[in-house]
>>> print(open('my_file-v6.cif').read())   # mmCIF, C-alpha atoms and all ligand atoms
data_model
#
loop_
_atom_site.group_PDB
_atom_site.id
_atom_site.type_symbol
_atom_site.label_atom_id
_atom_site.label_comp_id
_atom_site.auth_asym_id
_atom_site.auth_seq_id
_atom_site.Cartn_x
_atom_site.Cartn_y
_atom_site.Cartn_z
ATOM 1 C CA MET A 1 32.522 12.307 -1.594
ATOM 2 C CA LYS A 2 30.690 12.517 1.742
ATOM 3 C CA HIS A 3 29.818 9.592 4.018
ATOM 4 C CA LEU A 4 26.066 9.347 4.597
ATOM 5 C CA LEU A 5 24.250 7.061 7.029
ATOM 6 C CA THR A 6 20.586 6.131 6.980
ATOM 7 C CA ILE A 7 18.967 4.637 10.091
ATOM 8 C CA ALA A 8 15.627 3.316 8.824
ATOM 9 C CA GLY A 9 13.480 0.365 7.792
ATOM 10 C CA SER A 10 14.122 -1.884 4.799
ATOM 11 C CA ASP A 11 11.601 -1.846 1.918
ATOM 12 C CA CYS A 12 12.257 -5.083 0.012
ATOM 13 C CA SER A 13 10.565 -3.667 -3.113
ATOM 14 C CA GLY A 14 13.172 -0.897 -3.295
ATOM 15 C CA GLY A 15 10.867 2.150 -3.420
ATOM 16 C CA ALA A 16 11.108 3.610 0.084
ATOM 17 C CA GLY A 17 13.114 3.223 3.316
ATOM 18 C CA ILE A 18 16.779 2.193 3.361
ATOM 19 C CA GLN A 19 16.739 1.344 -0.343
ATOM 20 C CA ALA A 20 15.451 4.775 -1.455
ATOM 21 C CA ASP A 21 17.929 6.448 0.897
ATOM 22 C CA LEU A 22 20.961 4.551 -0.446
ATOM 23 C CA LYS A 23 19.909 5.206 -4.062
ATOM 24 C CA THR A 24 19.613 8.931 -3.277
ATOM 25 C CA PHE A 25 23.017 9.058 -1.556
ATOM 26 C CA SER A 26 24.652 7.336 -4.545
ATOM 27 C CA ALA A 27 22.882 9.431 -7.168
ATOM 28 C CA LEU A 28 24.167 12.558 -5.409
ATOM 29 C CA GLY A 29 27.735 11.223 -5.451
ATOM 30 C CA ASN A 30 28.048 10.093 -1.836
ATOM 31 C CA TYR A 31 29.067 6.900 -0.009
ATOM 32 C CA GLY A 32 25.983 5.373 1.653
ATOM 33 C CA MET A 33 25.764 3.238 4.820
ATOM 34 C CA SER A 34 22.728 1.769 6.594
ATOM 35 C CA VAL A 35 21.524 0.780 10.042
ATOM 36 C CA ILE A 36 18.352 -1.308 9.701
ATOM 37 C CA THR A 37 15.691 -0.755 12.380
ATOM 38 C CA ALA A 38 12.990 -2.994 10.880
ATOM 39 C CA ILE A 39 12.510 -5.352 7.956
ATOM 40 C CA THR A 40 9.282 -4.789 6.052
ATOM 41 C CA ALA A 41 7.712 -7.105 3.501
ATOM 42 C CA GLN A 42 6.100 -4.553 1.174
ATOM 43 C CA ASN A 43 5.610 -3.681 -2.457
ATOM 44 C CA THR A 44 3.878 -1.009 -4.532
ATOM 45 C CA LEU A 45 0.482 -2.228 -3.251
ATOM 46 C CA GLY A 46 1.076 -2.244 0.492
ATOM 47 C CA VAL A 47 2.912 -3.577 3.558
ATOM 48 C CA ASP A 48 2.405 -7.317 4.283
ATOM 49 C CA ALA A 49 4.599 -7.786 7.370
ATOM 50 C CA VAL A 50 7.075 -6.002 9.668
ATOM 51 C CA VAL A 51 9.788 -7.432 11.922
ATOM 52 C CA GLU A 52 11.461 -4.961 14.292
ATOM 53 C CA ILE A 53 15.190 -5.324 14.925
ATOM 54 C CA ASP A 54 16.305 -5.765 18.536
ATOM 55 C CA LYS A 55 17.626 -2.501 20.056
ATOM 56 C CA ALA A 56 20.962 -4.175 20.937
ATOM 57 C CA MET A 57 21.449 -4.976 17.246
ATOM 58 C CA VAL A 58 20.538 -1.400 16.292
ATOM 59 C CA LYS A 59 23.211 -0.189 18.743
ATOM 60 C CA ALA A 60 25.752 -2.719 17.413
ATOM 61 C CA GLN A 61 25.215 -1.540 13.821
ATOM 62 C CA ILE A 62 25.610 2.140 14.805
ATOM 63 C CA ASP A 63 28.743 1.432 16.868
ATOM 64 C CA ALA A 64 30.305 -0.689 14.100
ATOM 65 C CA ILE A 65 30.022 2.229 11.679
ATOM 66 C CA PHE A 66 31.032 5.119 13.936
ATOM 67 C CA LYS A 67 34.058 3.422 15.550
ATOM 68 C CA ASP A 68 35.552 2.872 12.101
ATOM 69 C CA ILE A 69 34.229 5.423 9.610
ATOM 70 C CA THR A 70 33.691 9.197 9.668
ATOM 71 C CA VAL A 71 30.000 10.013 9.209
ATOM 72 C CA ASP A 72 29.236 13.418 7.643
ATOM 73 C CA ALA A 73 25.449 13.263 8.032
ATOM 74 C CA VAL A 74 22.753 10.925 9.361
ATOM 75 C CA LYS A 75 19.184 10.557 8.180
ATOM 76 C CA VAL A 76 16.701 8.767 10.474
ATOM 77 C CA GLY A 77 13.525 7.281 8.947
ATOM 78 C CA MET A 78 11.239 4.469 10.196
ATOM 79 C CA VAL A 79 11.997 3.760 13.869
ATOM 80 C CA SER A 80 9.048 1.514 14.935
ATOM 81 C CA ASN A 81 9.059 1.513 18.745
ATOM 82 C CA SER A 82 10.171 3.545 21.770
ATOM 83 C CA GLU A 83 13.036 1.198 22.733
ATOM 84 C CA ILE A 84 14.631 1.622 19.306
ATOM 85 C CA ILE A 85 14.032 5.386 19.446
ATOM 86 C CA GLN A 86 15.741 5.666 22.847
ATOM 87 C CA GLN A 87 18.679 3.576 21.612
ATOM 88 C CA ILE A 88 19.150 5.666 18.473
ATOM 89 C CA THR A 89 18.955 8.883 20.504
ATOM 90 C CA SER A 90 21.582 7.809 23.027
ATOM 91 C CA SER A 91 23.869 6.428 20.296
ATOM 92 C CA LEU A 92 23.679 9.650 18.276
ATOM 93 C CA LEU A 93 24.270 11.744 21.416
ATOM 94 C CA GLU A 94 27.368 9.609 22.059
ATOM 95 C CA TRP A 95 28.792 9.693 18.518
ATOM 96 C CA LYS A 96 27.709 13.279 17.687
ATOM 97 C CA PRO A 97 27.412 13.306 13.860
ATOM 98 C CA PRO A 98 27.469 16.913 12.564
ATOM 99 C CA VAL A 99 24.087 16.661 10.792
ATOM 100 C CA ILE A 100 20.951 14.731 11.857
ATOM 101 C CA VAL A 101 17.898 14.771 9.568
ATOM 102 C CA ILE A 102 14.818 13.228 11.213
ATOM 103 C CA ASP A 103 12.025 12.064 8.894
ATOM 104 C CA PRO A 104 9.299 11.121 11.416
ATOM 105 C CA VAL A 105 7.838 8.242 9.365
ATOM 106 C CA MET A 106 4.489 7.128 10.860
ATOM 107 C CA VAL A 107 2.173 5.629 8.217
ATOM 108 C CA SER A 108 3.064 4.293 4.759
ATOM 109 C CA LYS A 109 1.410 5.763 1.673
ATOM 110 C CA SER A 110 -0.603 2.527 1.538
ATOM 111 C CA GLY A 111 -1.940 3.160 5.098
ATOM 112 C CA HIS A 112 0.153 0.752 7.202
ATOM 113 C CA HIS A 113 1.316 2.015 10.646
ATOM 114 C CA LEU A 114 5.122 1.992 10.656
ATOM 115 C CA LEU A 115 5.436 3.734 14.063
ATOM 116 C CA GLN A 116 3.698 2.014 16.967
ATOM 117 C CA PRO A 117 1.257 4.370 18.758
ATOM 118 C CA GLU A 118 3.201 3.949 22.048
ATOM 119 C CA ALA A 119 6.293 5.396 20.347
ATOM 120 C CA LYS A 120 4.838 8.807 19.452
ATOM 121 C CA ASN A 121 5.913 10.440 22.717
ATOM 122 C CA ALA A 122 9.415 8.957 22.545
ATOM 123 C CA LEU A 123 9.786 10.313 19.013
ATOM 124 C CA ILE A 124 8.717 13.791 20.160
ATOM 125 C CA LYS A 125 10.686 13.848 23.444
ATOM 126 C CA ASN A 126 13.880 12.044 22.377
ATOM 127 C CA LEU A 127 14.476 12.311 18.645
ATOM 128 C CA LEU A 128 13.044 15.710 17.689
ATOM 129 C CA PRO A 129 15.314 17.699 20.062
ATOM 130 C CA ILE A 130 18.513 16.254 18.497
ATOM 131 C CA ALA A 131 17.475 17.065 14.899
ATOM 132 C CA THR A 132 19.291 19.540 12.688
ATOM 133 C CA ILE A 133 16.029 19.437 10.707
ATOM 134 C CA VAL A 134 12.818 17.430 11.118
ATOM 135 C CA THR A 135 10.715 16.799 7.991
ATOM 136 C CA PRO A 136 7.097 15.780 8.809
ATOM 137 C CA ASN A 137 4.483 15.471 6.081
ATOM 138 C CA ILE A 138 1.068 16.952 6.899
ATOM 139 C CA PRO A 139 -0.439 13.802 8.518
ATOM 140 C CA GLU A 140 2.722 13.439 10.661
ATOM 141 C CA ALA A 141 2.624 17.101 11.706
ATOM 142 C CA GLU A 142 -1.053 16.585 12.618
ATOM 143 C CA VAL A 143 -0.150 13.627 14.867
ATOM 144 C CA ILE A 144 2.746 15.518 16.488
ATOM 145 C CA LEU A 145 0.555 18.573 17.239
ATOM 146 C CA ASP A 146 -2.785 16.773 17.666
ATOM 147 C CA ARG A 147 -4.706 19.115 15.325
ATOM 148 C CA LYS A 148 -5.789 19.310 11.682
ATOM 149 C CA ILE A 149 -3.668 21.131 9.074
ATOM 150 C CA THR A 150 -5.534 22.035 5.874
ATOM 151 C CA THR A 151 -3.944 25.253 4.556
ATOM 152 C CA ILE A 152 -0.490 26.717 3.943
ATOM 153 C CA GLU A 153 -1.070 29.184 6.798
ATOM 154 C CA ALA A 154 -1.768 26.221 9.096
ATOM 155 C CA MET A 155 1.474 24.581 7.837
ATOM 156 C CA GLU A 156 3.347 27.769 8.817
ATOM 157 C CA ARG A 157 1.877 27.681 12.354
ATOM 158 C CA ALA A 158 2.673 23.962 12.546
ATOM 159 C CA ALA A 159 6.320 24.537 11.569
ATOM 160 C CA MET A 160 6.642 27.168 14.326
ATOM 161 C CA ASP A 161 4.957 24.942 16.944
ATOM 162 C CA ILE A 162 7.062 21.864 16.068
ATOM 163 C CA TYR A 163 10.176 24.083 16.306
ATOM 164 C CA ARG A 164 9.244 24.690 19.976
ATOM 165 C CA LEU A 165 9.649 20.943 20.603
ATOM 166 C CA GLY A 166 13.427 21.341 20.209
ATOM 167 C CA PRO A 167 14.733 20.685 16.658
ATOM 168 C CA LYS A 168 17.065 23.301 15.124
ATOM 169 C CA SER A 169 14.684 23.629 12.152
ATOM 170 C CA VAL A 170 11.464 22.211 10.680
ATOM 171 C CA LEU A 171 10.249 21.472 7.152
ATOM 172 C CA VAL A 172 6.519 20.700 6.911
ATOM 173 C CA LYS A 173 6.022 18.968 3.532
ATOM 174 C CA GLY A 174 2.967 19.799 1.464
ATOM 175 C CA GLY A 175 2.722 16.714 -0.736
ATOM 176 C CA HIS A 176 -0.651 15.841 0.846
ATOM 177 C CA LEU A 177 -2.397 19.157 0.005
ATOM 178 C CA SER A 178 -3.761 19.984 -3.469
ATOM 179 C CA GLY A 179 -2.367 22.642 -5.804
ATOM 180 C CA ASP A 180 1.366 23.348 -6.062
ATOM 181 C CA ALA A 181 3.638 21.190 -3.879
ATOM 182 C CA VAL A 182 4.526 23.800 -1.219
ATOM 183 C CA ASP A 183 6.849 22.929 1.671
ATOM 184 C CA VAL A 184 7.193 25.286 4.659
ATOM 185 C CA PHE A 185 10.550 25.750 6.423
ATOM 186 C CA PHE A 186 11.139 27.447 9.799
ATOM 187 C CA ASP A 187 14.568 27.932 11.379
ATOM 188 C CA GLY A 188 13.401 29.743 14.505
ATOM 189 C CA VAL A 189 13.578 33.148 12.825
ATOM 190 C CA VAL A 190 12.092 33.204 9.333
ATOM 191 C CA ILE A 191 9.433 31.184 7.495
ATOM 192 C CA THR A 192 10.502 30.187 3.968
ATOM 193 C CA LYS A 193 8.096 28.587 1.473
ATOM 194 C CA LEU A 194 9.512 26.310 -1.215
ATOM 195 C CA SER A 195 7.123 25.638 -4.059
ATOM 196 C CA SER A 196 7.184 23.400 -7.120
ATOM 197 C CA PRO A 197 4.449 22.588 -9.633
ATOM 198 C CA ARG A 198 2.450 19.485 -8.643
ATOM 199 C CA ILE A 199 3.317 16.606 -10.948
ATOM 200 C CA GLN A 200 0.208 14.623 -11.855
ATOM 201 C CA LYS A 201 1.814 11.196 -11.721
ATOM 202 C CA LYS A 202 0.903 8.233 -9.558
ATOM 203 C CA ASN A 203 4.343 6.716 -8.927
ATOM 204 C CA THR A 204 5.303 8.564 -5.723
ATOM 205 C CA HIS A 205 6.323 5.723 -3.381
ATOM 206 C CA GLY A 206 9.192 6.990 -1.220
ATOM 207 C CA THR A 207 9.048 10.733 -1.899
ATOM 208 C CA GLY A 208 9.568 11.638 1.768
ATOM 209 C CA CYS A 209 12.475 9.192 2.194
ATOM 210 C CA THR A 210 14.111 10.575 -0.936
ATOM 211 C CA LEU A 211 13.686 14.232 0.064
ATOM 212 C CA SER A 212 15.148 13.727 3.562
ATOM 213 C CA SER A 213 18.106 11.729 2.198
ATOM 214 C CA ALA A 214 18.797 14.417 -0.396
ATOM 215 C CA ILE A 215 18.645 17.115 2.322
ATOM 216 C CA ALA A 216 21.153 15.078 4.410
ATOM 217 C CA SER A 217 23.399 14.745 1.335
ATOM 218 C CA TYR A 218 23.460 18.465 0.630
ATOM 219 C CA LEU A 219 23.872 19.389 4.321
ATOM 220 C CA ALA A 220 26.850 16.995 4.509
ATOM 221 C CA SER A 221 28.431 19.110 1.779
ATOM 222 C CA GLU A 222 27.979 22.073 4.102
ATOM 223 C CA GLU A 223 25.422 23.804 1.934
ATOM 224 C CA ASP A 224 23.397 26.619 3.492
ATOM 225 C CA ILE A 225 20.253 24.934 4.845
ATOM 226 C CA ILE A 226 17.764 26.704 2.553
ATOM 227 C CA LEU A 227 19.966 25.990 -0.470
ATOM 228 C CA ALA A 228 20.241 22.340 0.669
ATOM 229 C CA ILE A 229 16.441 22.026 0.904
ATOM 230 C CA SER A 230 15.938 23.763 -2.473
ATOM 231 C CA LYS A 231 18.397 21.425 -4.190
ATOM 232 C CA ALA A 232 16.840 18.388 -2.472
ATOM 233 C CA LYS A 233 13.360 19.484 -3.595
ATOM 234 C CA GLU A 234 14.655 19.893 -7.144
ATOM 235 C CA TYR A 235 16.063 16.350 -6.955
ATOM 236 C CA VAL A 236 12.816 14.802 -5.657
ATOM 237 C CA THR A 237 10.733 16.734 -8.199
ATOM 238 C CA LYS A 238 12.791 15.310 -11.077
ATOM 239 C CA ALA A 239 12.697 11.834 -9.508
ATOM 240 C CA ILE A 240 8.844 12.031 -9.288
ATOM 241 C CA ASP A 241 8.646 13.313 -12.859
ATOM 242 C CA CYS A 242 10.650 10.261 -13.992
ATOM 243 C CA GLY A 243 8.717 7.878 -11.671
ATOM 244 C CA LEU A 244 8.839 4.261 -12.785
ATOM 245 C CA GLU A 245 5.921 2.118 -13.954
ATOM 246 C CA ILE A 246 7.083 -0.799 -11.793
ATOM 247 C CA GLY A 247 4.582 -2.998 -9.938
ATOM 248 C CA LYS A 248 0.792 -2.931 -9.922
ATOM 249 C CA GLY A 249 0.296 -0.056 -7.433
ATOM 250 C CA VAL A 250 2.111 3.175 -6.527
ATOM 251 C CA GLY A 251 5.476 2.738 -8.215
ATOM 252 C CA PRO A 252 8.886 4.057 -7.133
ATOM 253 C CA LEU A 253 10.789 7.212 -8.090
ATOM 254 C CA HIS A 254 13.628 7.156 -10.580
ATOM 255 C CA HIS A 255 16.943 7.989 -8.915
ATOM 256 C CA PHE A 256 19.130 9.395 -11.626
ATOM 257 C CA HIS A 257 22.586 10.849 -11.631
ATOM 258 C CA PRO A 258 22.316 14.646 -11.921
ATOM 259 C CA PHE A 259 24.911 14.673 -14.719
ATOM 260 C CA VAL A 260 22.722 12.435 -16.900
ATOM 261 C CA SER A 261 19.801 14.229 -18.525
ATOM 262 C CA ILE A 262 16.235 13.117 -17.787
ATOM 263 C CA GLN A 263 15.720 12.493 -21.496
ATOM 264 C CA ASP A 264 18.632 10.003 -21.544
ATOM 265 C CA LYS A 265 17.249 8.255 -18.477
ATOM 266 C CA ASN A 266 13.709 8.111 -19.873
ATOM 267 C CA SER A 267 14.958 6.415 -22.993
ATOM 268 C CA LYS A 268 16.616 3.739 -20.829
ATOM 269 C CA ALA A 269 13.689 3.255 -18.388
HETATM 270 N N1 LIG B 1 2.808 15.131 -6.932
HETATM 271 C C1 LIG B 1 3.851 15.846 -6.530
HETATM 272 N N2 LIG B 1 4.432 16.722 -7.348
HETATM 273 C C2 LIG B 1 5.504 17.454 -6.963
HETATM 274 N N3 LIG B 1 6.063 17.364 -5.744
HETATM 275 C C3 LIG B 1 5.519 16.501 -4.854
HETATM 276 C C4 LIG B 1 4.397 15.699 -5.189
HETATM 277 N N4 LIG B 1 4.095 14.905 -4.117
HETATM 278 C C5 LIG B 1 4.992 15.218 -3.165
HETATM 279 N N5 LIG B 1 5.844 16.194 -3.590
HETATM 280 C C6 LIG B 1 6.979 16.751 -2.867
HETATM 281 O O1 LIG B 1 7.750 15.622 -2.442
HETATM 282 C C7 LIG B 1 8.335 15.889 -1.178
HETATM 283 C C8 LIG B 1 7.840 14.828 -0.183
HETATM 284 O O2 LIG B 1 6.570 15.243 0.297
HETATM 285 P P1 LIG B 1 5.427 14.307 0.801
HETATM 286 O O3 LIG B 1 4.448 15.198 1.486
HETATM 287 O O4 LIG B 1 4.950 13.456 -0.342
HETATM 288 O O5 LIG B 1 6.210 13.404 1.819
HETATM 289 P P2 LIG B 1 5.792 12.048 2.445
HETATM 290 O O6 LIG B 1 4.304 11.963 2.535
HETATM 291 O O7 LIG B 1 6.588 11.914 3.694
HETATM 292 O O8 LIG B 1 6.280 10.998 1.386
HETATM 293 P P3 LIG B 1 6.227 9.402 1.526
HETATM 294 O O9 LIG B 1 5.377 9.087 2.716
HETATM 295 O O10 LIG B 1 5.684 8.975 0.214
HETATM 296 O O11 LIG B 1 7.629 8.946 1.690
HETATM 297 C C9 LIG B 1 7.916 17.304 -0.806
HETATM 298 O O12 LIG B 1 8.922 18.198 -1.251
HETATM 299 C C10 LIG B 1 6.623 17.506 -1.591
HETATM 300 O O13 LIG B 1 6.344 18.862 -1.815
HETATM 301 C C1 LIG B 2 10.613 1.093 5.348
HETATM 302 C C2 LIG B 2 9.729 2.218 4.947
HETATM 303 N N1 LIG B 2 10.057 3.478 5.318
HETATM 304 C C3 LIG B 2 9.269 4.504 4.929
HETATM 305 C C4 LIG B 2 8.133 4.307 4.175
HETATM 306 C C5 LIG B 2 7.254 5.484 3.786
HETATM 307 O O1 LIG B 2 7.150 5.647 2.393
HETATM 308 P P1 LIG B 2 5.721 5.729 1.672
HETATM 309 O O2 LIG B 2 4.889 6.712 2.462
HETATM 310 O O3 LIG B 2 6.015 6.209 0.286
HETATM 311 O O4 LIG B 2 5.082 4.367 1.706
HETATM 312 C C6 LIG B 2 7.819 2.972 3.817
HETATM 313 N N2 LIG B 2 6.731 2.664 3.088
HETATM 314 N N3 LIG B 2 8.629 1.954 4.222
#
>>> encode(input="my_file-v6.cif", output="structure tokens")
Amino acid sequence: MKHLLTIAGSDCSGGAGIQADLKTFSALGNYGMSVITAITAQNTLGVDAVVEIDKAMVKAQIDAIFKDITVDAVKVGMVSNSEIIQQITSSLLEWKPPVIVIDPVMVSKSGHHLLQPEAKNALIKNLLPIATIVTPNIPEAEVILDRKITTIEAMERAAMDIYRLGPKSVLVKGGHLSGDAVDVFFDGVVITKLSSPRIQKKNTHGTGCTLSSAIASYLASEEDIILAISKAKEYVTKAIDCGLEIGKGVGPLHHFHPFVSIQDKNSKA
């Protein structure tokens, strides 16, 4: 069992953020821990309110974990503002976890800004360079590079250009294009495309959070990075396929234990 830490925002409705991350860590057999950067009041319909946590409290949470417990991998999600970003960066540089997955969360599926506009540069200058892998979706890659991305070829160029900003590798996620769900990975040498059939289901709240947490889980187990991403994509694909009809809007994914078949889980859902 590996020790996984998520540094992210809380989603009280349980579909995204810290809650999705912890469910993913557990489903993949790991011990999950959390540092909360913001509390959101949200549900399957949208985000009603956000309270950011003071950077001193973010630091205190990180220190409390690292001075006591070995951390095998960290996933960073919603980070809100530049003060919190700078704090997380300096804390991670101090404690040096072996794996850092950065999911540069900017806007919720429902359209609410989760990263303040002033924080974009801090995210690019501070957090991206310490990432083992950064996992932008297409709208996030567009904000990072300040240009439109509408094709898989443009995703490939985007992965290479984001790599130049300093992360060890980049995965540009294709959930926002049409056709097959194709993600593009670049490790500085080779482009690898990972494709899965697009599932025509509406309950996809928290797909990005789930994928990045699953990547962190598999990297903690020292999987080869392409194998880790492939396994994580397989996990998120199954979780979308079993998405739950909970709430009146875009419902959450179903986090299931890999040893339990989807059919068993469906009959219980
Ligand atoms: N309908 C779908 N069918 C199959 N795979 C999907 C679908 N939607 C997204 N994916 C996959 O889910 C993963 C997350 O991608 P996506 O682009 O949705 O991230 P995201 O926008 O950051 O998610 P979110 O903001 O909902 O957390 C990727 O591997 C993507 O290819
Ligand atoms: C706390 C938090 N973190 C991340 C997301 C992104 O997830 P989605 O794009 O599915 O809304 C979210 N809605 N809330």
>>> resolve_selection(input="my_file-v6.cif", expression="the PyMOL selection byres (((chain A and resi 132) around 8) and not hetatm)", output="number ranges by chain")
A: 99-102, 130-131, 133-134, 167-169
>>> closest_residue(input="my_file-v6.cif", among="A:Asp103, A:Asp161, A:Glu94, A:Glu83", to="ligand LIG 1 (chain B)", atoms="all atoms listed in the file")
A:Asp103
>>> resolve_selection(input="my_file-v6.cif", expression="the PyMOL selection byres (((chain A and resi 36) around 7) and not hetatm)", output="PyMOL selection string")
chain A and resi 7-10+34-35+37-38+58
>>> write_last_selection(input="my_file-v6.cif", atoms="C-alpha atoms", output="mmCIF file, keeping the file's coordinate frame")
data_model
loop_
_atom_site.group_PDB
_atom_site.id
_atom_site.type_symbol
_atom_site.label_atom_id
_atom_site.label_comp_id
_atom_site.auth_asym_id
_atom_site.auth_seq_id
_atom_site.Cartn_x
_atom_site.Cartn_y
_atom_site.Cartn_z
ATOM 1 C CA ILE A 7 18.967 4.637 10.091
ATOM 2 C CA ALA A 8 15.627 3.316 8.824
ATOM 3 C CA GLY A 9 13.480 0.365 7.792
ATOM 4 C CA SER A 10 14.122 -1.884 4.799
ATOM 5 C CA SER A 34 22.728 1.769 6.594
ATOM 6 C CA VAL A 35 21.524 0.780 10.042
ATOM 7 C CA THR A 37 15.691 -0.755 12.380
ATOM 8 C CA ALA A 38 12.990 -2.994 10.880
ATOM 9 C CA VAL A 58 20.538 -1.400 16.292
#
>>> closest_residue(input="my_file-v6.cif", among="A:Asp21, A:Asp68, A:Glu140, A:Asp54", to="Gln87 in chain A", atoms="all atoms listed in the file")
A:Asp54
>>> residues_around(input="my_file-v6.cif", residues="Lys148 in chain A", least_positions_apart="4", cutoff="10 Å", atoms="only C-alpha atoms", output="number ranges by chain")
A: 138-139, 141-143, 154-155, 158
>>> resolve_selection(input="my_file-v6.cif", expression="the PyMOL selection byres (((not hetatm)) within 7 of (chain B and resi 2))", output="list of chain:residue names")
A:Ala8, A:Gly9, A:Ser10, A:Asp11, A:Ala16, A:Gly17, A:Ile18, A:Thr40, A:Gly77, A:Met78, A:Val105, A:Val107, A:Ser108, A:Lys109, A:Ser110, A:Thr204, A:His205, A:Gly206, A:Thr207, A:Gly208, A:Cys209
>>> decode(input="my_file-v6.cif", residues="range 121-164 of chain A", atoms="C-alpha atoms", output="compact mmCIF listing (two decimals), in the first residue's frame")
# COMPACT_ATOMS: atom_id res chain seq x y z
CA ASN A 121 1.57 33.19 -14.09
CA ALA A 122 2.40 31.76 -10.66
CA LEU A 123 1.01 28.39 -11.76
CA ILE A 124 3.16 28.46 -14.91
CA LYS A 125 6.35 29.81 -13.30
CA ASN A 126 6.26 28.01 -9.93
CA LEU A 127 4.25 24.80 -10.10
CA LEU A 128 4.78 23.53 -13.66
CA PRO A 129 8.60 23.28 -13.34
CA ILE A 130 8.38 20.96 -10.29
CA ALA A 131 5.93 18.52 -11.95
CA THR A 132 6.76 14.92 -12.76
CA ILE A 133 3.75 15.25 -15.08
CA VAL A 134 1.28 18.08 -15.73
CA THR A 135 -2.20 17.14 -17.00
CA PRO A 136 -4.05 20.10 -18.61
CA ASN A 137 -7.34 19.60 -20.42
CA ILE A 138 -7.71 21.47 -23.72
CA PRO A 139 -9.15 24.73 -22.26
CA GLU A 140 -6.34 24.76 -19.65
CA ALA A 141 -3.66 24.15 -22.29
CA GLU A 142 -5.20 27.02 -24.30
CA VAL A 143 -4.91 29.37 -21.30
CA ILE A 144 -1.32 28.27 -20.57
CA LEU A 145 -0.24 28.81 -24.21
CA ASP A 146 -2.64 31.64 -25.09
CA ARG A 147 -3.86 30.01 -28.34
CA LYS A 148 -6.70 27.81 -29.58
CA ILE A 149 -6.34 24.00 -29.75
CA THR A 150 -8.90 22.28 -31.99
CA THR A 151 -7.17 19.17 -33.41
CA ILE A 152 -5.02 16.27 -32.22
CA GLU A 153 -2.06 17.74 -34.13
CA ALA A 154 -2.54 20.99 -32.19
CA MET A 155 -2.64 18.95 -28.94
CA GLU A 156 0.72 17.41 -29.91
CA ARG A 157 2.27 20.87 -30.48
CA ALA A 158 0.73 22.05 -27.20
CA ALA A 159 2.25 19.13 -25.27
CA MET A 160 5.69 19.97 -26.70
CA ASP A 161 5.33 23.71 -25.94
CA ILE A 162 4.11 23.13 -22.35
CA TYR A 163 7.07 20.75 -21.86
CA ARG A 164 9.36 23.75 -22.56
